[in-house]
Amino acid sequence: MKKLFLVMAAAMLTASVSAQKTAVTANKAGDNWYVGINAGAATPTFKIGDYGFFKGFAPKVGVRLGKNLTTVFGLALDADFYFEASEKSFMKQKTLVDAMNVDILGTFNLSNAFGGYKGEPRAFEVIGLVGAGYSRAFGDGAHGGFNAKAGFDFAFNLGSSKAVQIYIEPALVLGQPAVQYANPFKKIQTVDGKKFNGVLQLSAGINYKFGCSNGTHNFKIEELRDQAEIDALNAKINELRNDVDAKNGQINAANQTIADLKKKLADCEARPTQIIEEKKETALQPIVIFRQGKSTIDAAQYASVEMVAKYMKNHPEAKVVVKGYASPEGPAELNQKLSEARATAVANALIKRYKINKDRITTQGLGATSEISEENDFNRVAMFVDTTK
């Protein structure tokens with residue numbers, strides 16, 4: 001019997017190396033438990049009086065509580081109860097339960113061990129069982145002792161969730177050589193001068209697997225990434241970080257440009273307006289500043305246009321000339337057109353936005369100039385002249 005255990009242990013260790021190549025989700029304390037019941041019949045393995053192999057049967061029922069520790073290995077607490085069903089039974093006890101044995105079994109899923117785990121149990125599996133425990137006979141001269149049990153489950157996993165398992169189990173229960181011991185029967189057979197006995201039993205059973213923390217009733221394959229994929233993802237992350245750093249640099253530069261322009265605008269607004277006096281003309285102080293190469297009015301510049309509009313409403317007789325200028329950069333022809341466009345844009349704002357009669361407004365495009373200011377930014381302007389004085 002020791003040789004049997006050693007052979008089974010060696011086989012389990014060898015096959016386990018192959019079976020555990022597939023990574024599965026963590027097996028928590030409450031995961032992969034199952035409970036089951038079974039029923040069948042037992043027959044002596046040795047001649048016992050008038051009874052012997054297939055010359056006498058005892059019906060039996062069993063219960064089992066187990067936990068699968070890996071996709072290959074598990075542990076189970078197993079209990080078998082034997083009854084006298086008829087006069088043909090070789091167990092002649094007077095109690096309801098004639099004998100029982102309780103075993104701690106190691107379970108070994110041969111299908112997973114040699115075929116690998118595919119993410120869920122197969123429809124059909126072969127599971128080896130081996131373990132030891134205690135047997136007890138009841139009635140007159142009751143006695144008990146240690147036993148060993150080995151067998152196979154030919155199991156079918158049912159349903160989409162594989163939560164229910166039915167199986168056929170042939171098993172051998174052997175008792176250790178001992179004086180006045182029966183497993184699980186009353187009489188003892190002498191083998192090679194030693195007291196020895198055992199039974200061969202065939203059972204049909206059903207197990208129910210409780211739900212696991214992974215959302216199934218069984219082991220679930222862990223979704224792993226290989227190193228090449230991890231390296232590629234890290235490289236992409238570093239690339240995105242560099243892009244973010246570059247964008248942040250552009251944003252900082254843009255913010256600095258905005259700050260510089262705001263400062264120039266503030267300086268421009270704070271600087272006293274230069275008045276160009278002409279005969280019978282009065283220059284009004286508000287001016288409209290344009291960006292380089294642009295003839296559209298910025299939102300901040302509408303304050304100057306509004307001041308002139310208010311002036312003209314307060315002085316209904318006033319007529320105004322809008323004079324447009326350009327800075328000296330670029331071709332003279334382009335600057336002439338740009339100055340005209342700037343004067344026209346301001347005149348249109350007075351007419352359309354502030355409802356000033358167009359007959360009171362004229363425009364002049366005076367081309368490029370460097371005389372208004374030393375700063376080119378302040379030469380890109382439109383100015384107002386009251387021609388009624």
# chains A, B, ... in the order shown; residues from 1 in each chain; ligands from 1
call {"tool": "select_by_dssp", "arguments": {"residues": "segment 173-357 of chain A", "states": "strand (DSSP E or B)", "output": "tab-separated table (two decimals) with C-alpha atoms, in the first residue's frame"}}
result
chain	number	residue	atom	x	y	z
A	173	VAL	CA	-11.34	0.51	0.11
A	174	LEU	CA	-8.63	-1.52	1.89
A	175	GLY	CA	-8.02	-1.99	5.61
A	189	GLN	CA	-9.72	-12.62	5.72
A	190	THR	CA	-6.17	-13.82	6.32
A	191	VAL	CA	-3.79	-12.98	3.47
A	194	LYS	CA	-1.94	-11.21	8.05
A	195	LYS	CA	-5.45	-10.02	8.88
A	196	PHE	CA	-6.69	-8.13	5.81
A	198	GLY	CA	-11.46	-4.69	1.68
A	199	VAL	CA	-14.31	-3.87	-0.66
A	200	LEU	CA	-14.73	-2.84	-4.29
A	201	GLN	CA	-17.56	-0.39	-4.75
A	202	LEU	CA	-19.29	1.35	-7.64
A	203	SER	CA	-21.15	4.62	-7.06
A	204	ALA	CA	-23.00	7.22	-9.07
A	205	GLY	CA	-23.02	10.75	-7.70
A	206	ILE	CA	-23.64	14.43	-8.29
A	207	ASN	CA	-21.62	17.45	-7.14
A	208	TYR	CA	-22.61	21.10	-7.03
A	209	LYS	CA	-19.81	23.68	-7.36
A	221	ILE	CA	-7.75	31.83	-16.97
A	278	GLU	CA	-4.53	120.20	-39.37
A	281	GLU	CA	-9.48	119.72	-38.23
A	282	THR	CA	-9.45	118.38	-34.68
A	283	ALA	CA	-7.94	114.96	-33.99
A	284	LEU	CA	-9.96	112.92	-31.54
A	285	GLN	CA	-8.01	111.04	-28.91
A	286	PRO	CA	-9.32	107.46	-29.31
A	287	ILE	CA	-7.38	105.30	-31.76
A	288	VAL	CA	-7.94	101.73	-32.94
A	289	ILE	CA	-4.86	99.45	-32.98
A	320	VAL	CA	-15.52	112.53	-38.84
A	321	VAL	CA	-12.76	111.34	-41.14
A	322	VAL	CA	-11.39	107.88	-40.30
A	323	LYS	CA	-7.72	107.72	-41.28
A	324	GLY	CA	-6.08	104.32	-41.63
A	325	TYR	CA	-2.33	103.66	-41.34
A	326	ALA	CA	0.05	100.74	-41.74
call {"tool": "residues_around", "arguments": {"residues": "Phe290 of chain A", "least_positions_apart": "4", "cutoff": "10 Å", "atoms": "only C-alpha atoms", "output": "short mmCIF file (atom, residue, chain, number, x, y, z; two decimals) with N, CA, C and O atoms, in the first residue's frame"}}
result
data_model
loop_
_atom_site.label_atom_id
_atom_site.label_comp_id
_atom_site.auth_asym_id
_atom_site.auth_seq_id
_atom_site.Cartn_x
_atom_site.Cartn_y
_atom_site.Cartn_z
N LYS A 294 -3.43 92.69 -40.41
CA LYS A 294 -4.85 92.46 -40.21
C LYS A 294 -5.64 93.76 -40.35
O LYS A 294 -5.13 94.85 -40.03
N SER A 295 -6.87 93.62 -40.79
CA SER A 295 -7.77 94.78 -40.89
C SER A 295 -9.05 94.54 -40.11
O SER A 295 -10.00 95.32 -40.23
N THR A 296 -9.09 93.47 -39.32
CA THR A 296 -10.26 93.22 -38.48
C THR A 296 -10.04 93.85 -37.11
O THR A 296 -8.90 93.91 -36.61
N ILE A 297 -11.12 94.31 -36.48
CA ILE A 297 -11.03 95.01 -35.20
C ILE A 297 -11.07 93.98 -34.08
O ILE A 297 -12.01 93.18 -34.00
N ASP A 298 -10.06 93.98 -33.21
CA ASP A 298 -10.07 93.11 -32.04
C ASP A 298 -11.15 93.57 -31.07
O ASP A 298 -11.52 94.76 -31.03
N GLN A 301 -10.55 96.60 -28.91
CA GLN A 301 -10.43 97.90 -29.56
C GLN A 301 -11.78 98.58 -29.79
O GLN A 301 -11.83 99.75 -30.18
N TYR A 325 -3.78 103.71 -41.15
CA TYR A 325 -2.33 103.66 -41.34
C TYR A 325 -1.85 102.21 -41.28
O TYR A 325 -2.50 101.34 -40.74
N ALA A 326 -0.64 102.03 -41.83
CA ALA A 326 0.05 100.74 -41.74
C ALA A 326 1.47 100.99 -41.27
O ALA A 326 2.01 102.09 -41.45
N ARG A 342 -8.37 99.18 -43.14
CA ARG A 342 -8.55 99.47 -41.71
C ARG A 342 -9.50 100.64 -41.50
O ARG A 342 -10.35 100.61 -40.59
N ASP A 377 4.22 98.58 -33.75
CA ASP A 377 2.90 98.09 -33.32
C ASP A 377 1.90 99.23 -33.22
O ASP A 377 0.69 99.03 -33.39
N PHE A 378 2.39 100.46 -32.90
CA PHE A 378 1.49 101.59 -32.69
C PHE A 378 1.29 102.42 -33.94
O PHE A 378 0.63 103.47 -33.91
N ASN A 379 1.90 101.99 -35.06
CA ASN A 379 1.67 102.65 -36.34
C ASN A 379 0.59 101.94 -37.16
O ASN A 379 0.20 102.43 -38.22
N ARG A 380 0.13 100.79 -36.69
CA ARG A 380 -0.93 100.05 -37.38
C ARG A 380 -2.25 100.46 -36.76
O ARG A 380 -2.82 99.75 -35.93
N VAL A 381 -2.76 101.65 -37.10
CA VAL A 381 -3.89 102.23 -36.39
C VAL A 381 -4.90 102.84 -37.36
O VAL A 381 -4.64 103.01 -38.55
N ALA A 382 -6.03 103.16 -36.77
CA ALA A 382 -7.02 104.01 -37.43
C ALA A 382 -7.30 105.16 -36.48
O ALA A 382 -7.53 104.94 -35.28
#
call {"tool": "closest_residue", "arguments": {"among": "A:Ile356, A:Ala137, A:Ala76, A:Val244", "to": "Lys319 of chain A", "atoms": "only C-alpha atoms"}}
result
A:Ile356
call {"tool": "residues_around", "arguments": {"residues": "Phe81 of chain A", "least_positions_apart": "2", "cutoff": "6 Å", "atoms": "only C-alpha atoms", "output": "PyMOL selection string"}}
result
chain A and resi 60-61+100
call {"tool": "select_by_dssp", "arguments": {"residues": "segment 216-317 of chain A", "states": "helix (DSSP H, G or I)", "output": "VMD selection string"}}
result
chain A and resid 227 to 270 299 to 314
call {"tool": "atom_distance", "arguments": {"atom1": "atom CA of Arg136 of chain A", "atom2": "atom CA of Ile168 of chain A"}}
result
24.6 Å
call {"tool": "closest_residue", "arguments": {"among": "A:Leu366, A:Val305, A:Ala253, A:Val35", "to": "Ala341 of chain A", "atoms": "only C-alpha atoms"}}
result
A:Leu366
call {"tool": "closest_residue", "arguments": {"among": "A:Val102, A:Ala163, A:Val63, A:Ala155", "to": "Asn32 of chain A", "atoms": "only C-alpha atoms"}}
result
A:Ala163
call {"tool": "residues_around", "arguments": {"residues": "Asn335 of chain A", "least_positions_apart": "2", "cutoff": "10 Å", "atoms": "only C-alpha atoms", "output": "list in words"}}
result
Gly293, Tyr325, Ala326, Ser327, Pro328, Glu329, Gly330, Pro331, Ala332, Glu333, Lys337, Leu338, Ser339, Glu340, Ala341, Gly365, Leu366, Gly367, Ala368, Thr369 and Arg380 of chain A
